[in-house]
file input-v1.cif (mmCIF, N, CA and C atoms)
data_structure
loop_
_atom_site.label_atom_id
_atom_site.label_comp_id
_atom_site.auth_asym_id
_atom_site.auth_seq_id
_atom_site.Cartn_x
_atom_site.Cartn_y
_atom_site.Cartn_z
N MET A 1 73.30 -141.33 116.32
CA MET A 1 74.20 -140.54 115.50
C MET A 1 75.59 -140.59 116.13
N PRO A 2 76.65 -140.84 115.38
CA PRO A 2 78.00 -140.89 115.95
C PRO A 2 78.42 -139.52 116.49
N ALA A 3 79.26 -139.54 117.51
CA ALA A 3 79.72 -138.30 118.14
C ALA A 3 80.56 -137.47 117.18
N ALA A 4 81.27 -138.12 116.26
CA ALA A 4 82.11 -137.39 115.31
C ALA A 4 81.26 -136.52 114.38
N ALA A 5 80.04 -136.93 114.11
CA ALA A 5 79.18 -136.16 113.22
C ALA A 5 78.65 -134.90 113.90
N LEU A 6 78.64 -134.88 115.23
CA LEU A 6 78.11 -133.74 115.96
C LEU A 6 79.17 -132.68 116.24
N LYS A 7 80.47 -133.02 116.11
CA LYS A 7 81.52 -132.06 116.39
C LYS A 7 81.62 -131.03 115.27
N PRO A 8 81.67 -129.75 115.62
CA PRO A 8 81.83 -128.76 114.56
C PRO A 8 83.23 -128.82 113.96
N LYS A 9 83.30 -128.57 112.69
CA LYS A 9 84.59 -128.58 112.01
C LYS A 9 85.37 -127.32 112.39
N PRO A 10 86.68 -127.44 112.59
CA PRO A 10 87.46 -126.24 112.92
C PRO A 10 87.54 -125.31 111.71
N THR A 11 87.49 -124.01 111.98
CA THR A 11 87.58 -123.02 110.91
C THR A 11 88.86 -122.23 111.08
N GLN A 12 89.34 -121.69 109.98
CA GLN A 12 90.54 -120.87 110.04
C GLN A 12 90.19 -119.45 110.42
N SER A 13 91.00 -118.86 111.23
CA SER A 13 90.80 -117.47 111.61
C SER A 13 91.50 -116.57 110.60
N THR A 14 90.91 -115.42 110.35
CA THR A 14 91.55 -114.49 109.41
C THR A 14 92.78 -113.85 110.03
N ALA A 15 92.93 -113.95 111.35
CA ALA A 15 94.11 -113.37 111.99
C ALA A 15 95.37 -114.16 111.64
N LYS A 16 95.23 -115.42 111.29
CA LYS A 16 96.38 -116.25 110.94
C LYS A 16 96.79 -116.11 109.48
N ARG A 17 95.92 -115.49 108.68
CA ARG A 17 96.22 -115.30 107.26
C ARG A 17 96.25 -113.81 106.96
N PRO A 18 96.98 -113.40 105.94
CA PRO A 18 96.96 -111.97 105.58
C PRO A 18 95.58 -111.58 105.05
N VAL A 19 95.13 -110.42 105.41
CA VAL A 19 93.85 -109.91 104.95
C VAL A 19 94.10 -109.09 103.69
N LEU A 20 93.38 -109.41 102.62
CA LEU A 20 93.63 -108.76 101.34
C LEU A 20 93.22 -107.30 101.31
N LEU A 21 92.31 -106.89 102.19
CA LEU A 21 91.84 -105.51 102.16
C LEU A 21 92.88 -104.53 102.69
N ASP A 22 93.92 -105.02 103.35
CA ASP A 22 94.96 -104.13 103.85
C ASP A 22 95.91 -103.67 102.76
N LEU A 23 95.85 -104.32 101.62
CA LEU A 23 96.74 -103.95 100.52
C LEU A 23 96.26 -102.67 99.88
N PRO A 24 97.15 -101.86 99.31
CA PRO A 24 96.71 -100.61 98.67
C PRO A 24 95.81 -100.90 97.46
N TYR A 25 94.89 -99.99 97.22
CA TYR A 25 93.94 -100.14 96.13
C TYR A 25 94.64 -99.95 94.79
N VAL A 26 94.40 -100.87 93.89
CA VAL A 26 94.93 -100.78 92.53
C VAL A 26 93.74 -100.91 91.59
N PRO A 27 93.49 -99.90 90.74
CA PRO A 27 92.34 -100.01 89.84
C PRO A 27 92.51 -101.16 88.85
N LEU A 28 91.39 -101.69 88.42
CA LEU A 28 91.42 -102.78 87.45
C LEU A 28 91.95 -102.27 86.11
N GLU A 29 92.51 -103.19 85.35
CA GLU A 29 93.02 -102.82 84.03
C GLU A 29 91.84 -102.45 83.13
N LYS A 30 91.96 -101.32 82.46
CA LYS A 30 90.87 -100.86 81.61
C LYS A 30 90.82 -101.69 80.34
N ARG A 31 89.60 -101.99 79.93
CA ARG A 31 89.39 -102.71 78.68
C ARG A 31 88.64 -101.80 77.73
N PRO A 32 88.83 -101.98 76.45
CA PRO A 32 88.10 -101.13 75.50
C PRO A 32 86.60 -101.42 75.56
N LEU A 33 85.81 -100.39 75.32
CA LEU A 33 84.36 -100.56 75.28
C LEU A 33 83.97 -101.31 74.01
N PRO A 34 82.82 -101.98 74.03
CA PRO A 34 82.41 -102.73 72.84
C PRO A 34 82.13 -101.80 71.66
N ALA A 35 82.53 -102.23 70.51
CA ALA A 35 82.35 -101.41 69.30
C ALA A 35 80.95 -101.60 68.74
N GLY A 36 80.53 -100.62 67.93
CA GLY A 36 79.29 -100.76 67.20
C GLY A 36 78.07 -100.16 67.87
N ARG A 37 78.23 -99.52 69.01
CA ARG A 37 77.08 -98.91 69.68
C ARG A 37 76.97 -97.45 69.22
N PRO A 38 75.78 -96.87 69.37
CA PRO A 38 75.64 -95.44 69.02
C PRO A 38 76.47 -94.57 69.96
N ARG A 39 76.89 -93.42 69.48
CA ARG A 39 77.73 -92.52 70.28
C ARG A 39 77.05 -92.14 71.59
N GLU A 40 75.75 -91.97 71.57
CA GLU A 40 75.00 -91.59 72.77
C GLU A 40 75.19 -92.62 73.89
N TRP A 41 75.30 -93.91 73.53
CA TRP A 41 75.50 -94.95 74.53
C TRP A 41 76.83 -94.76 75.24
N TYR A 42 77.89 -94.45 74.51
CA TYR A 42 79.21 -94.25 75.11
C TYR A 42 79.23 -93.02 76.01
N VAL A 43 78.57 -91.96 75.58
CA VAL A 43 78.51 -90.74 76.39
C VAL A 43 77.79 -91.03 77.71
N THR A 44 76.67 -91.70 77.63
CA THR A 44 75.90 -92.03 78.84
C THR A 44 76.67 -92.98 79.74
N HIS A 45 77.33 -93.96 79.15
CA HIS A 45 78.10 -94.93 79.92
C HIS A 45 79.22 -94.24 80.70
N ASN A 46 79.98 -93.39 80.01
CA ASN A 46 81.08 -92.68 80.67
C ASN A 46 80.57 -91.70 81.72
N ARG A 47 79.41 -91.09 81.47
CA ARG A 47 78.82 -90.17 82.44
C ARG A 47 78.42 -90.93 83.70
N ARG A 48 77.85 -92.12 83.54
CA ARG A 48 77.48 -92.93 84.71
C ARG A 48 78.70 -93.32 85.52
N LEU A 49 79.78 -93.71 84.85
CA LEU A 49 81.00 -94.08 85.55
C LEU A 49 81.56 -92.90 86.34
N LYS A 50 81.56 -91.73 85.72
CA LYS A 50 82.06 -90.52 86.37
C LYS A 50 81.18 -90.16 87.57
N ALA A 51 79.87 -90.25 87.40
CA ALA A 51 78.95 -89.93 88.49
C ALA A 51 79.12 -90.91 89.65
N MET A 52 79.35 -92.16 89.34
CA MET A 52 79.54 -93.16 90.41
C MET A 52 80.85 -92.89 91.16
N ARG A 53 81.92 -92.56 90.44
CA ARG A 53 83.18 -92.23 91.11
C ARG A 53 83.00 -91.03 92.03
N LEU A 54 82.29 -90.03 91.56
CA LEU A 54 82.07 -88.83 92.36
C LEU A 54 81.18 -89.12 93.56
N ALA A 55 80.16 -89.93 93.38
CA ALA A 55 79.27 -90.28 94.50
C ALA A 55 80.05 -91.03 95.57
N ILE A 56 80.91 -91.94 95.18
CA ILE A 56 81.73 -92.68 96.14
C ILE A 56 82.67 -91.74 96.87
N ALA A 57 83.30 -90.83 96.14
CA ALA A 57 84.22 -89.88 96.77
C ALA A 57 83.49 -88.97 97.75
N LEU A 58 82.28 -88.54 97.40
CA LEU A 58 81.50 -87.70 98.31
C LEU A 58 81.11 -88.46 99.57
N LEU A 59 80.68 -89.71 99.40
CA LEU A 59 80.32 -90.51 100.56
C LEU A 59 81.53 -90.74 101.46
N ASP A 60 82.69 -90.97 100.87
CA ASP A 60 83.92 -91.15 101.65
C ASP A 60 84.31 -89.88 102.39
N SER A 61 83.96 -88.72 101.82
CA SER A 61 84.35 -87.45 102.44
C SER A 61 83.35 -86.98 103.48
N GLY A 62 82.25 -87.70 103.65
CA GLY A 62 81.29 -87.35 104.70
C GLY A 62 80.01 -86.71 104.21
N VAL A 63 79.83 -86.58 102.91
CA VAL A 63 78.58 -86.04 102.37
C VAL A 63 77.66 -87.23 102.12
N HIS A 64 76.68 -87.42 103.00
CA HIS A 64 75.84 -88.62 102.92
C HIS A 64 74.43 -88.35 102.42
N VAL A 65 74.05 -87.08 102.33
CA VAL A 65 72.70 -86.73 101.92
C VAL A 65 72.77 -85.96 100.60
N PRO A 66 71.92 -86.29 99.63
CA PRO A 66 71.98 -85.59 98.34
C PRO A 66 71.81 -84.08 98.46
N ASN A 67 71.07 -83.62 99.47
CA ASN A 67 70.87 -82.17 99.64
C ASN A 67 72.18 -81.46 99.97
N GLN A 68 73.14 -82.17 100.56
CA GLN A 68 74.43 -81.58 100.88
C GLN A 68 75.33 -81.49 99.65
N ALA A 69 75.02 -82.25 98.62
CA ALA A 69 75.88 -82.33 97.42
C ALA A 69 75.42 -81.31 96.39
N ARG A 70 75.79 -80.07 96.60
CA ARG A 70 75.49 -79.03 95.62
C ARG A 70 76.48 -79.14 94.46
N ASN A 71 76.18 -78.49 93.37
CA ASN A 71 77.07 -78.56 92.20
C ASN A 71 78.49 -78.12 92.55
N GLU A 72 78.62 -77.08 93.37
CA GLU A 72 79.96 -76.59 93.75
C GLU A 72 80.71 -77.66 94.54
N THR A 73 80.01 -78.33 95.44
CA THR A 73 80.63 -79.38 96.26
C THR A 73 81.09 -80.53 95.37
N ILE A 74 80.27 -80.91 94.43
CA ILE A 74 80.61 -82.02 93.52
C ILE A 74 81.80 -81.64 92.66
N ARG A 75 81.81 -80.41 92.16
CA ARG A 75 82.93 -79.96 91.31
C ARG A 75 84.22 -79.83 92.10
N ASP A 76 84.12 -79.40 93.35
CA ASP A 76 85.32 -79.34 94.21
C ASP A 76 85.87 -80.74 94.47
N THR A 77 84.97 -81.70 94.68
CA THR A 77 85.40 -83.08 94.89
C THR A 77 86.04 -83.65 93.62
N ALA A 78 85.49 -83.31 92.47
CA ALA A 78 86.07 -83.77 91.20
C ALA A 78 87.49 -83.25 91.03
N GLU A 79 87.69 -81.98 91.38
CA GLU A 79 89.03 -81.40 91.29
C GLU A 79 89.97 -82.09 92.27
N LEU A 80 89.46 -82.41 93.45
CA LEU A 80 90.27 -83.05 94.49
C LEU A 80 90.75 -84.43 94.07
N ILE A 81 89.88 -85.20 93.40
CA ILE A 81 90.28 -86.56 93.01
C ILE A 81 90.84 -86.64 91.60
N GLY A 82 90.92 -85.50 90.90
CA GLY A 82 91.58 -85.48 89.60
C GLY A 82 90.69 -85.82 88.43
N ILE A 83 89.42 -85.46 88.51
CA ILE A 83 88.48 -85.69 87.41
C ILE A 83 88.10 -84.33 86.85
N HIS A 84 87.86 -84.26 85.54
CA HIS A 84 87.40 -83.01 84.93
C HIS A 84 86.10 -82.57 85.58
N PRO A 85 85.87 -81.26 85.68
CA PRO A 85 84.63 -80.79 86.31
C PRO A 85 83.40 -81.34 85.60
N PRO A 86 82.44 -81.86 86.36
CA PRO A 86 81.26 -82.46 85.73
C PRO A 86 80.25 -81.41 85.28
N SER A 87 79.43 -81.79 84.33
CA SER A 87 78.37 -80.91 83.85
C SER A 87 77.22 -80.92 84.85
N ASP A 88 76.24 -80.05 84.61
CA ASP A 88 75.06 -80.02 85.48
C ASP A 88 74.31 -81.35 85.43
N THR A 89 74.27 -81.98 84.26
CA THR A 89 73.60 -83.27 84.11
C THR A 89 74.29 -84.34 84.96
N THR A 90 75.62 -84.35 84.94
CA THR A 90 76.37 -85.32 85.74
C THR A 90 76.18 -85.05 87.23
N CYS A 91 76.15 -83.78 87.63
CA CYS A 91 75.92 -83.45 89.04
C CYS A 91 74.55 -83.97 89.48
N HIS A 92 73.56 -83.82 88.61
CA HIS A 92 72.23 -84.33 88.92
C HIS A 92 72.26 -85.85 89.08
N MET A 93 73.04 -86.52 88.21
CA MET A 93 73.15 -87.97 88.28
C MET A 93 73.86 -88.41 89.56
N VAL A 94 74.84 -87.65 90.02
CA VAL A 94 75.53 -87.96 91.28
C VAL A 94 74.53 -87.94 92.43
N ARG A 95 73.70 -86.91 92.47
CA ARG A 95 72.69 -86.83 93.54
C ARG A 95 71.69 -87.97 93.44
N ALA A 96 71.35 -88.36 92.22
CA ALA A 96 70.42 -89.48 92.04
C ALA A 96 71.05 -90.78 92.55
N PHE A 97 72.33 -91.00 92.27
CA PHE A 97 73.02 -92.18 92.79
C PHE A 97 73.01 -92.20 94.31
N MET A 98 73.27 -91.04 94.90
CA MET A 98 73.30 -90.96 96.36
C MET A 98 71.91 -91.21 96.94
N ARG A 99 70.88 -90.78 96.25
CA ARG A 99 69.51 -90.94 96.73
C ARG A 99 69.06 -92.39 96.63
N TYR A 100 69.32 -93.05 95.49
CA TYR A 100 68.77 -94.37 95.24
C TYR A 100 69.63 -95.50 95.79
N ASN A 101 70.87 -95.22 96.17
CA ASN A 101 71.74 -96.28 96.68
C ASN A 101 71.75 -96.31 98.20
N ARG A 102 70.79 -95.69 98.86
CA ARG A 102 70.74 -95.69 100.32
C ARG A 102 70.08 -96.91 100.84
#

call {"tool": "encode", "arguments": {"input": "input-v1.cif", "output": "structure tokens"}}
result
Amino acid sequence: MPAAALKPKPTQSTAKRPVLLDLPYVPLEKRPLPAGRPREWYVTHNRRLKAMRLAIALLDSGVHVPNQARNETIRDTAELIGIHPPSDTTCHMVRAFMRYNR
């Protein structure tokens, strides 16, 4: 086997290039939801999105166990990040996300 085939190829270091994660977070452009679905689908879809945002915010704030995420804690977090206060159903869904995404 030739010696050139055994030499590892040089790789670029991320220190020499800008790292994209250092840039400030910009949310993606919102697109309209698909038309023609029953109203219940849209309600559930938006509830899941809201619950996921709240679960991420709680995890970022140090609440890592669903037992720590009481309804009051979830509603305080919603107020902190600028979301309307969630219903009891959405609070339950937040805890479910935290439980199943571990």

call {"tool": "axis_aligned_box", "arguments": {"input": "input-v1.cif", "around": "segment 65-68 of chain A", "padding_each_side": "4 Å", "output": "lines of an AutoDock Vina configuration file"}}
result
center_x = 73.1
center_y = -84.3
center_z = 100.3
size_x = 12.5
size_y = 13.6
size_z = 12.0

call {"tool": "select_by_dssp", "arguments": {"input": "input-v1.cif", "residues": "segment 26-99 of chain A", "states": "alpha helix (DSSP H)", "output": "PyMOL selection string"}}
result
chain A and resi 39-61+71-81+88-99

call {"tool": "resolve_selection", "arguments": {"input": "input-v1.cif", "expression": "the PyMOL selection byres (((chain A and resi 61 and name CA) around 12) and name CA)", "output": "JSON, numbers by chain"}}
result
{"A": [54, 55, 56, 57, 58, 59, 60, 62, 63, 64, 65, 68, 69, 73, 74, 76, 77, 78, 80, 81]}

call {"tool": "atom_distance", "arguments": {"input": "input-v1.cif", "atom1": "atom N of Asp88 of chain A", "atom2": "atom CA of Trp41 of chain A"}}
result
18.0 Å

call {"tool": "atom_distance", "arguments": {"input": "input-v1.cif", "atom1": "atom N of Pro66 of chain A", "atom2": "atom CA of His84 of chain A"}}
result
21.6 Å

call {"tool": "atom_distance", "arguments": {"input": "input-v1.cif", "atom1": "atom N of Arg70 of chain A", "atom2": "atom CA of Thr44 of chain A"}}
result
21.4 Å

call {"tool": "closest_residue", "arguments": {"input": "input-v1.cif", "among": "A:Ile83, A:Cys91, A:His45, A:Arg53", "to": "Asn71 of chain A", "atoms": "only C-alpha atoms"}}
result
A:Cys91

call {"tool": "residues_around", "arguments": {"input": "input-v1.cif", "residues": "Thr90 of chain A", "least_positions_apart": "6", "cutoff": "8 Å", "atoms": "only N, CA and C atoms", "output": "short mmCIF file (atom, residue, chain, number, x, y, z; two decimals) with N, CA and C atoms, keeping the file's coordinate frame"}}
result
data_model
loop_
_atom_site.label_atom_id
_atom_site.label_comp_id
_atom_site.auth_asym_id
_atom_site.auth_seq_id
_atom_site.Cartn_x
_atom_site.Cartn_y
_atom_site.Cartn_z
N ARG A 47 79.41 -91.09 81.47
CA ARG A 47 78.82 -90.17 82.44
C ARG A 47 78.42 -90.93 83.70
N ARG A 48 77.85 -92.12 83.54
CA ARG A 48 77.48 -92.93 84.71
C ARG A 48 78.70 -93.32 85.52
N LYS A 50 81.56 -91.73 85.72
CA LYS A 50 82.06 -90.52 86.37
C LYS A 50 81.18 -90.16 87.57
N ALA A 51 79.87 -90.25 87.40
CA ALA A 51 78.95 -89.93 88.49
C ALA A 51 79.12 -90.91 89.65
N ALA A 96 71.35 -88.36 92.22
CA ALA A 96 70.42 -89.48 92.04
C ALA A 96 71.05 -90.78 92.55
#
